[in-house]
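Below: one structure, written as structure tokens.
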Amino acid sequence: TLPDNAVPGGTLCRRRSRVLQATRIFHTGQPNLAPVPPLPEHGGKVRFGLLPEEFFQFLYPKTGVTGPYVLGTGLILRLLSKEIYAITPETFSVISTIGFLVYIVKKHGASVGEFADKLNEQKIAQLEEVKQASIKQIQDAIDMEKSQQALVQKRHYLFDVQRNNIAMALEVTYREQLHRVYREVKNRLDYHISVQNYDASEGTRAHDKLGGEACGAEHLCTAGEGNSRQVHCRSKAARKEGSSSASYVNTSIPIKTARNS
Amino acid sequence: MDVKLRELPIWILMQDFIPKGIAVVFQKGYYQYYKYLSMKKGNVAGLSMVLAAYVLFNRCRSYKELKQEQPSEYH
């Protein structure tokens, strides 16, 4: 059987799954263990600490309110007169003992009850704390789960950022390579131009003796890295290069416009 | 109860005294008493009723010896 649990007032009680009136059928069917009903606040009423209230209610229809009292008085007088209970010196010690006990109970019963109630409440509060803590824990877990689920919804931002990064890197490399191409082409053209300039200068120096700058107009210059990347060149070799470089450069422009659009 | 007071001895003898029956009787009695025990705001009645019953029981057992203490002879 189950162990006894202390209950306020110092009385012992034993927890059972179901409390039945003894007149009813006893222990039929499966006992319902799961929701144990809570203890009642005040149990069966008792008068004088000895006689249960049911006795008074039992006699009430026949004899009214004073019935049980008259019965009690009659019984006590009969006991005394018939000497079923004899008055001995022991009687007085019994009277004083019981009187003392009654006095103690009446005086301090309530405070003892409150103390026991407080102990019980502490126990219940502890258990309640544990329950609340576990509930809170579970609630926190639920909230975290929810937030993580919400995060999953926002994953596409991450992917967008990554896509943007990749696109930017691609564009940067493209522009870098474009710039390299431009530089290489410019290099070659500069080379040819400088070669031509040199030849021209050779020619002018040679023609200086003849005195004429007519052929000096072969000076070529490249435009800076300004807006237009057009290179003016007239020599055939340069034109060949120029056509190819023009093709390079010209291809850059439609792409550039395409990028800008 | 359904048994009249006059028929009480016959009714007691009518019960079959098998161990299980006696156990059931004690269980029933305990459950009748249970409602004076199990409550939140306890009472002294739960304890005092048991003690009073014990006192009475012992007095009944030792009535023969106590009969000699009667002061008067005829009552």
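Each chain in the structure tokens gets a letter, A, B and so on, in the order shown; residues start at 1 in every chain, and ligands are counted from 1 in the order they appear.
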Problem - Residue list for chain B near chain A as JSON, numbers by chain, 7 Å, only C-alpha atoms - result: {"B": [28, 31, 32, 35, 36, 37, 38, 39, 40, 41, 42, 43, 44, 45, 46, 47, 48, 49, 70, 75]}
Write a file of the just-selected residues containing C-alpha atoms, as an mmCIF file, in the first residue's frame.
data_model
loop_
_atom_site.group_PDB
_atom_site.id
_atom_site.type_symbol
_atom_site.label_atom_id
_atom_site.label_comp_id
_atom_site.auth_asym_id
_atom_site.auth_seq_id
_atom_site.Cartn_x
_atom_site.Cartn_y
_atom_site.Cartn_z
ATOM 1 C CA LYS B 28 -15.154 -0.545 4.631
ATOM 2 C CA TYR B 31 -13.089 4.108 4.386
ATOM 3 C CA GLN B 32 -15.954 5.273 6.528
ATOM 4 C CA LYS B 35 -13.342 11.250 5.517
ATOM 5 C CA TYR B 36 -12.377 12.481 8.969
ATOM 6 C CA LEU B 37 -8.714 12.099 8.136
ATOM 7 C CA SER B 38 -8.075 13.374 4.644
ATOM 8 C CA MET B 39 -8.554 17.103 4.592
ATOM 9 C CA LYS B 40 -6.388 20.143 4.051
ATOM 10 C CA LYS B 41 -7.293 21.976 7.256
ATOM 11 C CA GLY B 42 -6.845 19.111 9.679
ATOM 12 C CA ASN B 43 -8.791 18.550 12.820
ATOM 13 C CA VAL B 44 -8.158 17.012 16.189
ATOM 14 C CA ALA B 45 -11.315 14.945 15.701
ATOM 15 C CA GLY B 46 -9.554 12.517 13.383
ATOM 16 C CA LEU B 47 -7.213 11.526 16.164
ATOM 17 C CA SER B 48 -9.457 11.953 19.180
ATOM 18 C CA MET B 49 -12.167 9.706 17.800
ATOM 19 C CA GLN B 70 -18.137 0.677 42.817
ATOM 20 C CA HIS B 75 -27.992 0.688 42.545
#
